[in-house]
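Peer 1: You'll find coords_24.txt just under this line, and it carries compact mmCIF, C-alpha atoms.
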```txt
# COMPACT_ATOMS: atom_id res chain seq x y z
CA MET A 1338 24.19 21.12 39.10
CA ASP A 1339 27.46 22.92 39.79
CA CYS A 1340 30.30 23.60 37.31
CA LYS A 1341 32.62 21.00 38.83
CA THR A 1342 30.11 18.15 38.62
CA LEU A 1343 29.06 19.07 35.10
CA ARG A 1344 32.64 19.20 33.81
CA SER A 1345 33.55 15.91 35.49
CA GLN A 1346 30.57 14.22 33.82
CA MET A 1347 31.42 15.73 30.45
CA MET A 1348 35.04 14.57 30.64
CA VAL A 1349 34.05 10.93 31.06
CA GLY A 1350 31.59 11.13 28.20
CA GLY A 1351 28.41 11.34 30.23
CA ARG A 1352 25.11 11.81 28.42
CA GLU A 1353 23.59 15.20 28.04
CA SER A 1354 20.67 15.71 30.41
CA ALA A 1355 18.16 18.40 31.20
CA ALA A 1356 20.34 19.45 34.13
CA TRP A 1357 23.27 19.96 31.76
CA SER A 1358 21.25 22.06 29.34
CA GLU A 1359 19.89 24.14 32.15
CA HIS A 1360 23.34 24.83 33.56
CA LEU A 1361 24.92 25.51 30.15
CA SER A 1362 22.21 28.02 29.32
CA VAL A 1363 23.13 30.18 32.30
CA CYS A 1364 26.89 29.52 32.73
CA ARG A 1365 28.97 31.04 29.93
CA SER A 1366 32.20 29.59 31.26
CA CYS A 1367 30.86 26.03 31.14
CA ALA A 1368 29.32 26.65 27.73
CA ALA A 1369 32.73 27.72 26.42
CA PHE A 1370 34.31 24.68 28.08
CA ALA A 1371 31.74 22.38 26.46
CA ALA A 1372 32.34 23.94 23.04
CA ARG A 1373 36.11 23.45 23.32
CA LEU A 1374 35.68 19.86 24.51
CA ASP A 1375 33.36 19.08 21.60
CA ALA A 1376 35.83 20.59 19.13
CA VAL A 1377 38.72 18.56 20.55
CA ARG A 1378 36.69 15.33 20.48
CA LEU A 1379 35.56 16.03 16.94
CA SER A 1380 39.15 16.64 15.90
CA LEU A 1381 40.35 13.41 17.51
CA ARG A 1382 37.59 11.40 15.83
CA ALA A 1383 37.87 13.10 12.48
CA SER A 1384 41.61 12.64 12.11
CA SER A 1385 40.97 9.54 10.03
CA GLY A 1386 39.21 11.81 7.53
CA LEU A 1387 42.66 13.07 6.68
CA GLU A 1388 43.69 9.64 5.46
CA ILE A 1389 47.28 9.39 4.30
CA ALA A 1390 47.64 6.37 2.07
CA PRO A 1391 50.85 4.54 1.26
CA ASP A 1392 52.09 4.98 -2.29
CA LEU A 1393 52.99 2.14 -4.63
CA ALA A 1394 56.68 2.24 -3.74
CA PHE A 1395 56.19 2.00 0.02
CA SER A 1396 56.91 -1.72 0.32
CA ALA A 1397 60.05 -1.27 -1.81
CA ARG A 1398 61.29 1.44 0.55
CA VAL A 1399 60.67 -0.85 3.53
CA LEU A 1400 62.56 -3.71 1.88
CA ALA A 1401 65.47 -1.39 1.12
CA ARG A 1402 65.83 -0.70 4.86
CA LEU A 1403 65.81 -4.33 6.00
CA PRO A 1404 69.27 -4.95 7.43
CA ARG A 1405 69.38 -8.73 7.60
CA GLY A 1406 67.22 -11.79 8.20
CA PRO A 1407 64.59 -11.59 10.91
CA GLU A 1408 65.79 -12.25 14.42
CA LEU A 1409 65.50 -16.00 14.44
CA LEU A 1410 67.07 -16.12 17.88
CA GLY A 1411 64.15 -14.32 19.44
CA TRP A 1412 62.28 -15.16 22.60
CA ALA A 1413 61.14 -18.46 21.16
CA ALA A 1414 64.75 -19.58 20.87
CA LEU A 1415 65.63 -18.13 24.28
CA ARG A 1416 62.95 -20.26 25.88
CA ALA A 1417 64.75 -23.37 24.63
CA LEU A 1418 68.12 -22.15 25.89
CA PRO A 1419 68.10 -23.87 29.36
CA ALA A 1420 67.27 -27.25 27.85
CA ALA A 1421 69.98 -26.79 25.23
CA LEU A 1422 72.53 -25.91 27.94
CA VAL A 1423 71.67 -28.97 30.03
CA LEU A 1424 71.99 -31.18 26.96
CA ALA A 1425 75.34 -29.63 26.04
CA LEU A 1426 76.67 -30.12 29.60
CA ALA A 1427 75.48 -33.73 29.67
CA LEU A 1428 77.18 -34.44 26.35
CA ALA A 1429 80.39 -32.77 27.54
CA TRP A 1430 80.39 -34.81 30.77
CA MET A 1431 79.80 -38.05 28.88
CA GLY A 1432 82.60 -37.21 26.52
CA SER A 1433 85.09 -36.39 29.28
CA SER A 1434 84.41 -39.27 31.74
CA GLU A 1435 86.09 -42.62 31.13
CA PRO A 1436 83.91 -45.73 30.98
CA PRO A 1437 84.41 -48.19 33.92
CA SER A 1438 86.74 -51.09 33.22
CA VAL A 1439 85.48 -54.67 33.09
CA ASP A 1440 87.33 -55.51 36.37
CA THR A 1441 85.56 -52.67 38.16
CA LEU A 1442 82.21 -53.88 36.95
CA LEU A 1443 82.86 -57.52 37.92
CA PHE A 1444 84.79 -57.37 41.22
CA ALA A 1445 84.11 -54.05 42.87
CA GLU A 1446 82.20 -54.00 46.16
CA PRO A 1447 78.58 -53.04 45.37
CA SER A 1448 77.55 -49.73 46.86
CA PRO A 1449 74.57 -49.51 49.31
CA ASP A 1450 72.69 -47.55 46.63
CA LEU A 1451 73.11 -50.39 44.19
CA LEU A 1452 72.01 -52.93 46.80
CA LEU A 1453 68.95 -50.88 47.58
CA THR A 1454 67.98 -50.65 43.95
CA THR A 1455 68.39 -54.38 43.43
CA GLY A 1456 66.42 -55.16 46.58
CA ALA A 1457 69.24 -56.85 48.50
CA LEU A 1458 68.79 -54.58 51.51
CA ALA A 1459 65.07 -54.15 51.20
CA PRO A 1460 63.12 -55.09 54.33
CA GLU A 1461 61.28 -58.35 54.18
CA VAL A 1462 57.57 -58.09 54.09
CA HIS A 1463 55.54 -60.77 55.83
CA PRO A 1464 51.95 -61.04 54.83
CA MET B 94 23.61 -18.26 -5.77
CA SER B 95 22.20 -19.19 -2.37
CA SER B 96 23.31 -17.41 0.77
CA ARG B 97 24.69 -20.73 2.05
CA SER B 98 26.97 -21.10 -0.99
CA LEU B 99 28.07 -17.52 -0.62
CA ALA B 100 28.88 -18.07 3.06
CA LEU B 101 30.89 -21.20 2.21
CA MET B 102 32.82 -19.34 -0.49
CA THR B 103 33.55 -16.50 1.92
CA ALA B 104 34.74 -18.97 4.56
CA ASP B 105 36.97 -20.68 1.98
CA ALA B 106 38.45 -17.34 0.96
CA THR B 107 39.14 -16.47 4.60
CA VAL B 108 40.90 -19.78 5.23
CA GLU B 109 42.91 -19.37 2.03
CA SER B 110 43.89 -15.85 3.05
CA GLU B 111 44.97 -17.05 6.51
CA ASN B 112 46.98 -19.87 4.96
CA ALA B 113 48.72 -17.42 2.64
CA GLU B 114 49.54 -15.18 5.59
CA ALA B 115 50.95 -18.08 7.63
CA ARG B 116 53.07 -19.07 4.63
CA TRP B 117 54.37 -15.49 4.21
CA VAL B 118 55.31 -15.34 7.87
CA ARG B 119 57.08 -18.70 7.70
CA ASP B 120 58.95 -17.77 4.53
CA SER B 121 59.87 -14.36 5.93
CA LEU B 122 61.39 -16.09 8.94
CA ARG B 123 63.62 -17.94 6.50
CA GLY B 124 64.74 -14.59 5.13
CA ASP B 125 62.47 -14.46 2.07
CA GLN B 126 62.01 -10.74 1.45
CA ASP B 127 59.42 -11.28 -1.30
CA ALA B 128 57.19 -13.02 1.22
CA TYR B 129 57.72 -10.16 3.62
CA ALA B 130 56.83 -7.65 0.90
CA ALA B 131 53.50 -9.46 0.53
CA LEU B 132 52.88 -9.02 4.27
CA VAL B 133 53.80 -5.34 4.04
CA ARG B 134 51.40 -4.82 1.14
CA ARG B 135 48.59 -6.55 3.02
CA TYR B 136 48.91 -4.41 6.16
CA GLN B 137 50.41 -1.12 4.98
CA GLN B 138 47.01 0.58 4.73
CA ARG B 139 46.10 -0.42 8.28
CA VAL B 140 49.47 0.77 9.65
CA PHE B 141 49.21 4.10 7.81
CA HIS B 142 45.69 4.59 9.15
CA LEU B 143 46.81 3.98 12.72
CA ALA B 144 49.95 6.13 12.44
CA GLY B 145 47.77 8.83 10.86
CA ARG B 146 45.86 9.03 14.13
CA PHE B 147 48.91 10.43 15.88
CA PHE B 148 50.68 12.35 13.14
CA ARG B 149 49.25 14.59 10.45
CA ARG B 150 52.23 15.05 8.18
CA ARG B 151 52.86 12.51 5.47
CA GLU B 152 56.58 12.20 6.24
CA GLU B 153 55.86 11.50 9.93
CA VAL B 154 53.25 8.87 9.13
CA GLU B 155 55.57 7.28 6.56
CA GLU B 156 58.44 7.14 9.06
CA VAL B 157 56.30 5.49 11.75
CA ALA B 158 54.97 2.99 9.20
CA GLN B 159 58.48 2.16 7.97
CA GLU B 160 59.73 1.81 11.54
CA THR B 161 56.83 -0.52 12.32
CA PHE B 162 57.62 -2.86 9.44
CA LEU B 163 61.33 -2.68 10.18
CA ARG B 164 60.76 -3.72 13.80
CA ALA B 165 58.34 -6.41 12.68
CA TRP B 166 61.03 -7.89 10.42
CA LEU B 167 63.61 -7.85 13.20
CA LYS B 168 61.23 -9.29 15.80
CA LEU B 169 59.38 -11.75 13.60
CA GLY B 170 60.94 -14.60 15.58
CA THR B 171 58.96 -13.45 18.62
CA TYR B 172 55.58 -13.58 16.84
CA ARG B 173 53.41 -16.40 18.16
CA SER B 174 51.09 -17.64 15.47
CA GLU B 175 48.21 -18.38 17.88
CA ALA B 176 47.34 -14.66 17.82
CA PRO B 177 46.37 -12.84 14.62
CA PHE B 178 49.35 -11.25 12.87
CA GLU B 179 47.40 -8.01 12.59
CA HIS B 180 47.12 -7.67 16.38
CA TRP B 181 50.85 -8.21 16.80
CA LEU B 182 51.60 -5.65 14.09
CA THR B 183 49.12 -3.16 15.59
CA ARG B 184 50.93 -3.39 18.91
CA LEU B 185 54.26 -2.71 17.21
CA CYS B 186 52.79 0.26 15.33
CA LEU B 187 51.34 1.75 18.53
CA ARG B 188 54.66 1.38 20.29
CA CYS B 189 56.50 3.00 17.38
CA ALA B 190 54.03 5.90 17.42
CA TYR B 191 54.32 6.21 21.20
CA ASP B 192 58.12 6.16 21.10
CA ARG B 193 58.18 8.80 18.40
CA LEU B 194 55.67 10.99 20.22
CA ARG B 195 57.85 10.94 23.31
CA ARG B 196 61.05 11.46 21.34
CA GLU B 197 59.82 14.08 18.90
CA PRO B 198 56.39 15.56 19.65
CA PRO B 199 54.55 16.60 16.49
CA SER B 200 55.43 20.08 15.37
CA PRO B 201 52.87 22.68 16.49
CA ASP B 202 53.45 24.56 13.22
CA PRO B 203 50.26 24.92 11.25
CA LEU B 204 49.68 22.40 8.50
CA PRO B 205 49.49 23.60 4.91
CA ALA B 206 46.06 25.03 4.08
CA ARG B 207 45.38 22.08 1.75
CA GLU B 208 45.74 19.62 4.65
CA LEU B 209 43.70 21.74 7.05
CA GLU B 210 40.82 21.69 4.61
CA GLY B 211 40.57 17.95 5.04
CA GLU B 212 40.45 18.35 8.78
CA SER B 213 37.73 20.92 9.22
CA ARG B 214 35.67 23.41 7.32
CA ASP B 215 36.95 26.13 9.58
CA PRO B 216 40.78 26.32 9.49
CA THR B 217 40.81 28.79 12.39
CA ALA B 218 38.89 26.35 14.60
CA SER B 219 41.30 23.58 13.57
CA LEU B 220 44.25 25.67 14.55
CA GLU B 221 42.65 26.43 17.90
CA VAL B 222 42.09 22.73 18.58
CA ARG B 223 45.63 21.90 17.54
CA ARG B 224 46.93 24.61 19.85
CA LEU B 225 45.00 23.08 22.74
CA LEU B 226 46.13 19.54 21.95
CA SER B 227 49.76 20.63 21.59
CA ARG B 228 49.67 21.66 25.26
CA LEU B 229 49.10 18.07 26.31
CA ALA B 230 51.96 15.72 27.04
CA PRO B 231 52.55 13.17 24.24
CA ALA B 232 51.56 10.29 26.51
CA ASP B 233 48.25 11.98 27.31
CA ARG B 234 47.53 12.72 23.67
CA PHE B 235 48.37 9.13 22.80
CA LEU B 236 45.77 7.78 25.25
CA LEU B 237 43.12 10.30 24.20
CA VAL B 238 43.54 9.39 20.54
CA LEU B 239 42.96 5.73 21.37
CA LEU B 240 39.99 6.44 23.65
CA GLU B 241 38.28 9.20 21.71
CA GLY B 242 39.67 8.76 18.22
CA GLU B 243 39.69 5.00 17.80
CA GLY B 244 36.87 4.56 20.30
CA TRP B 245 38.68 1.71 22.06
CA SER B 246 37.69 0.65 25.57
CA VAL B 247 40.17 0.42 28.43
CA ALA B 248 40.19 -3.38 28.05
CA GLU B 249 40.88 -3.13 24.33
CA ILE B 250 43.74 -0.67 24.77
CA ALA B 251 45.24 -2.91 27.45
CA ARG B 252 45.00 -5.94 25.19
CA ARG B 253 46.38 -4.15 22.13
CA LEU B 254 49.32 -2.58 23.96
CA GLY B 255 50.08 -5.38 26.39
CA TRP B 256 49.50 -3.07 29.35
CA THR B 257 47.42 -3.91 32.42
CA GLN B 258 43.91 -2.50 32.60
CA VAL B 259 44.81 -0.70 35.82
CA ASN B 260 47.71 0.97 34.05
CA VAL B 261 45.46 2.10 31.20
CA LYS B 262 42.80 3.36 33.64
CA VAL B 263 45.35 5.41 35.57
CA ARG B 264 46.84 6.89 32.39
CA ALA B 265 43.39 7.65 30.97
CA HIS B 266 42.34 9.35 34.19
CA ARG B 267 45.47 11.52 34.16
CA ALA B 268 45.07 12.36 30.48
CA ARG B 269 41.46 13.46 30.96
CA LYS B 270 42.38 15.48 34.02
CA ARG B 271 45.08 17.35 32.10
CA LEU B 272 42.82 17.86 29.10
CA ARG B 273 40.24 19.36 31.43
CA ARG B 274 42.84 21.75 32.83
CA VAL B 275 43.88 22.77 29.30
CA LEU B 276 40.26 23.35 28.31
CA GLU B 277 39.58 25.39 31.44
CA GLU B 278 42.61 27.56 30.83
CA GLY B 279 41.41 28.05 27.26
```
In structure tokens, how does this file's structure come out?
Peer 2:
Amino acid sequence: MDCKTLRSQMMVGGRESAAWSEHLSVCRSCAAFAARLDAVRLSLRASSGLEIAPDLAFSARVLARLPRGPELLGWAALRALPAALVLALALAWMGSSEPPSVDTLLFAEPSPDLLLTTGALAPEVHP
Amino acid sequence: MSSRSLALMTADATVESENAEARWVRDSLRGDQDAYAALVRRYQQRVFHLAGRFFRRREEVEEVAQETFLRAWLKLGTYRSEAPFEHWLTRLCLRCAYDRLRREPPSPDPLPARELEGESRDPTASLEVRRLLSRLAPADRFLLVLLEGEGWSVAEIARRLGWTQVNVKVRAHRARKRLRRVLEEG
């Protein structure tokens, strides 16, 4: 096994094999590399041994920093924004448009759309 | 007491605890700071533990923890209750730690002897390791702490941080490559 292969395997957490041991016993550079890697890994894993615990007043200090109520208009509210806008526009349009007069409703020429919906212009179907 | 009764009692306690948490979240959303204080007390230990993975000084850990709970308060409206609150808070804490690491990398100054004792029996070896780690970019150190320190898989890191697995894989590969270079340079 060469140095490059050994180091690549070590970096991805490969398992120690006879080939590793054999190489490490003759290559001082790789042995030093392995020792440094082990020390770094040990340090990363052991950092929880240096546990820093919150003191009794921690929550009070957090509360003292809270500026205002939580952001109620977060993403959840933003998702409802399009529907709210459509509703607001519909209400505004209804409020601004005048209702049709009785004369218009009774004597106006019916539009083709209206005739279609009532079936007046619908094609006859013969069984 | 039979094991079945014990299991039922444990399940009841879990449900009760989850109900209390849901109530605290709901009340916090209405601006109830007492309810939020209860949430802080429940998770402060977990947040300190996680922040302690990236920072060794008490004041740094405290600041990250405070920032986490501050952001959580401000963004509580974005929390979706289908996911556990702890996962959401963990993500916020990791982001706070990551932001701080990029903004202000931890000081390479040696820790007080008292703190080094807790880290290793050999303070000289600890200093050597810290010297090596300080040569890594904050983003690399961040990934290595999660992979090696917390022992999380790529999938778990992706889920916890809201990153894609490909993104995590690429970052992890780069971090390991740079660590290798640092170790080779000695």
Peer 1: Just need the residues of chain B within 8 Å of chain A, counting all atoms listed in the file, so spit them out as number ranges by chain.
Peer 2: B: 121-124, 126, 130, 133-134, 137-138, 141-142, 145-146, 149, 151, 154-155, 159, 162-163, 166-171, 208, 211-212, 218-219, 222, 226, 237-238, 241-243, 269, 273, 276-277, 279
Peer 1: For the selection you just gave me, I'd like the residues written to a file as a PDB file, in the coordinates of the input, keeping C-alpha atoms.
Peer 2:
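again_25.pdb, freshly written:
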```pdb
ATOM      1  CA  SER B 121      59.870 -14.360   5.930  1.00  0.00           C
ATOM      2  CA  LEU B 122      61.390 -16.090   8.940  1.00  0.00           C
ATOM      3  CA  ARG B 123      63.620 -17.940   6.500  1.00  0.00           C
ATOM      4  CA  GLY B 124      64.740 -14.590   5.130  1.00  0.00           C
ATOM      5  CA  GLN B 126      62.010 -10.740   1.450  1.00  0.00           C
ATOM      6  CA  ALA B 130      56.830  -7.650   0.900  1.00  0.00           C
ATOM      7  CA  VAL B 133      53.800  -5.340   4.040  1.00  0.00           C
ATOM      8  CA  ARG B 134      51.400  -4.820   1.140  1.00  0.00           C
ATOM      9  CA  GLN B 137      50.410  -1.120   4.980  1.00  0.00           C
ATOM     10  CA  GLN B 138      47.010   0.580   4.730  1.00  0.00           C
ATOM     11  CA  PHE B 141      49.210   4.100   7.810  1.00  0.00           C
ATOM     12  CA  HIS B 142      45.690   4.590   9.150  1.00  0.00           C
ATOM     13  CA  GLY B 145      47.770   8.830  10.860  1.00  0.00           C
ATOM     14  CA  ARG B 146      45.860   9.030  14.130  1.00  0.00           C
ATOM     15  CA  ARG B 149      49.250  14.590  10.450  1.00  0.00           C
ATOM     16  CA  ARG B 151      52.860  12.510   5.470  1.00  0.00           C
ATOM     17  CA  VAL B 154      53.250   8.870   9.130  1.00  0.00           C
ATOM     18  CA  GLU B 155      55.570   7.280   6.560  1.00  0.00           C
ATOM     19  CA  GLN B 159      58.480   2.160   7.970  1.00  0.00           C
ATOM     20  CA  PHE B 162      57.620  -2.860   9.440  1.00  0.00           C
ATOM     21  CA  LEU B 163      61.330  -2.680  10.180  1.00  0.00           C
ATOM     22  CA  TRP B 166      61.030  -7.890  10.420  1.00  0.00           C
ATOM     23  CA  LEU B 167      63.610  -7.850  13.200  1.00  0.00           C
ATOM     24  CA  LYS B 168      61.230  -9.290  15.800  1.00  0.00           C
ATOM     25  CA  LEU B 169      59.380 -11.750  13.600  1.00  0.00           C
ATOM     26  CA  GLY B 170      60.940 -14.600  15.580  1.00  0.00           C
ATOM     27  CA  THR B 171      58.960 -13.450  18.620  1.00  0.00           C
ATOM     28  CA  GLU B 208      45.740  19.620   4.650  1.00  0.00           C
ATOM     29  CA  GLY B 211      40.570  17.950   5.040  1.00  0.00           C
ATOM     30  CA  GLU B 212      40.450  18.350   8.780  1.00  0.00           C
ATOM     31  CA  ALA B 218      38.890  26.350  14.600  1.00  0.00           C
ATOM     32  CA  SER B 219      41.300  23.580  13.570  1.00  0.00           C
ATOM     33  CA  VAL B 222      42.090  22.730  18.580  1.00  0.00           C
ATOM     34  CA  LEU B 226      46.130  19.540  21.950  1.00  0.00           C
ATOM     35  CA  LEU B 237      43.120  10.300  24.200  1.00  0.00           C
ATOM     36  CA  VAL B 238      43.540   9.390  20.540  1.00  0.00           C
ATOM     37  CA  GLU B 241      38.280   9.200  21.710  1.00  0.00           C
ATOM     38  CA  GLY B 242      39.670   8.760  18.220  1.00  0.00           C
ATOM     39  CA  GLU B 243      39.690   5.000  17.800  1.00  0.00           C
ATOM     40  CA  ARG B 269      41.460  13.460  30.960  1.00  0.00           C
ATOM     41  CA  ARG B 273      40.240  19.360  31.430  1.00  0.00           C
ATOM     42  CA  LEU B 276      40.260  23.350  28.310  1.00  0.00           C
ATOM     43  CA  GLU B 277      39.580  25.390  31.440  1.00  0.00           C
ATOM     44  CA  GLY B 279      41.410  28.050  27.260  1.00  0.00           C
TER      45      GLY B 279
END
```
Peer 1: For a quick check of understanding, using all atoms listed in the file, which of B:Val118, B:Ala131, B:Ala232, B:Ala248 has the smallest distance to Arg196 in chain B?
Peer 2: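 Distance minimum relative to Arg196 in chain B lands on B:Ala232.
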Peer 1: One decimal, in Å: what's the spacing between CA of Leu185 in chain B and CA of Arg271 in chain B?
Peer 2: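 Rounded to one decimal, the two atoms are 26.6 Å apart.
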Peer 1: Taking all atoms listed in the file into account, name the residue in A:Trp1357, A:Gly1432, A:Ala1394, A:Ala1427 that is nearest to Cys1340 in chain A.
Peer 2: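 Comparing A:Trp1357, A:Gly1432, A:Ala1394, A:Ala1427 against Cys1340 in chain A, the winner is A:Trp1357.
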Peer 1: Grab the CA of Ser174 in chain B to CA of Asp125 in chain B distance for me, in Å with one decimal place.
Peer 2: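 Between these atoms lies a distance of 17.9 Å.
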Peer 1: Tell me which protein, DNA and RNA residues are within 12 Å of Ala1356 in chain A, counting all atoms listed in the file, leaving out same-chain ones fewer than 5 positions away, and put them as a list of chain:residue names.
Peer 2: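 What passes the distance filter is A:Met1338, A:Asp1339, A:Cys1340, A:Thr1342, A:Leu1343, A:Gln1346, A:Leu1361, A:Ser1362, A:Val1363.
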Peer 1: I need the chosen residues saved as a PDB file, keeping the file's coordinate frame, with C-alpha atoms.
Peer 2:
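In the end it all went to selection.pdb:
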```pdb
ATOM      1  CA  MET A1338      24.190  21.120  39.100  1.00  0.00           C
ATOM      2  CA  ASP A1339      27.460  22.920  39.790  1.00  0.00           C
ATOM      3  CA  CYS A1340      30.300  23.600  37.310  1.00  0.00           C
ATOM      4  CA  THR A1342      30.110  18.150  38.620  1.00  0.00           C
ATOM      5  CA  LEU A1343      29.060  19.070  35.100  1.00  0.00           C
ATOM      6  CA  GLN A1346      30.570  14.220  33.820  1.00  0.00           C
ATOM      7  CA  LEU A1361      24.920  25.510  30.150  1.00  0.00           C
ATOM      8  CA  SER A1362      22.210  28.020  29.320  1.00  0.00           C
ATOM      9  CA  VAL A1363      23.130  30.180  32.300  1.00  0.00           C
TER      10      VAL A1363
END
```
Peer 1: In Å, how far is it from CA of Glu160 in chain B to CA of Pro177 in chain B?
Peer 2: 20.1 Å
Peer 1: Just checking: using only C-alpha atoms, which residue out of B:Arg173, B:Arg228, B:Lys262, B:Arg234 ends up closest to Leu194 in chain B?
Peer 2: B:Arg234
Peer 1: Measuring between all atoms listed in the file, which one of B:Leu272, B:Val157, B:Leu132, B:Ala113 shows the shortest distance to Arg188 in chain B?
Peer 2: B:Val157
Peer 1: At a cut-off of 10 Å from (50.9, -3.1, 24.9) in the coordinates of the file, what residues are picked up using all atoms listed in the file, written as a ChimeraX atom specification?
Peer 2: /B:181,183-185,187-188,250-257,261
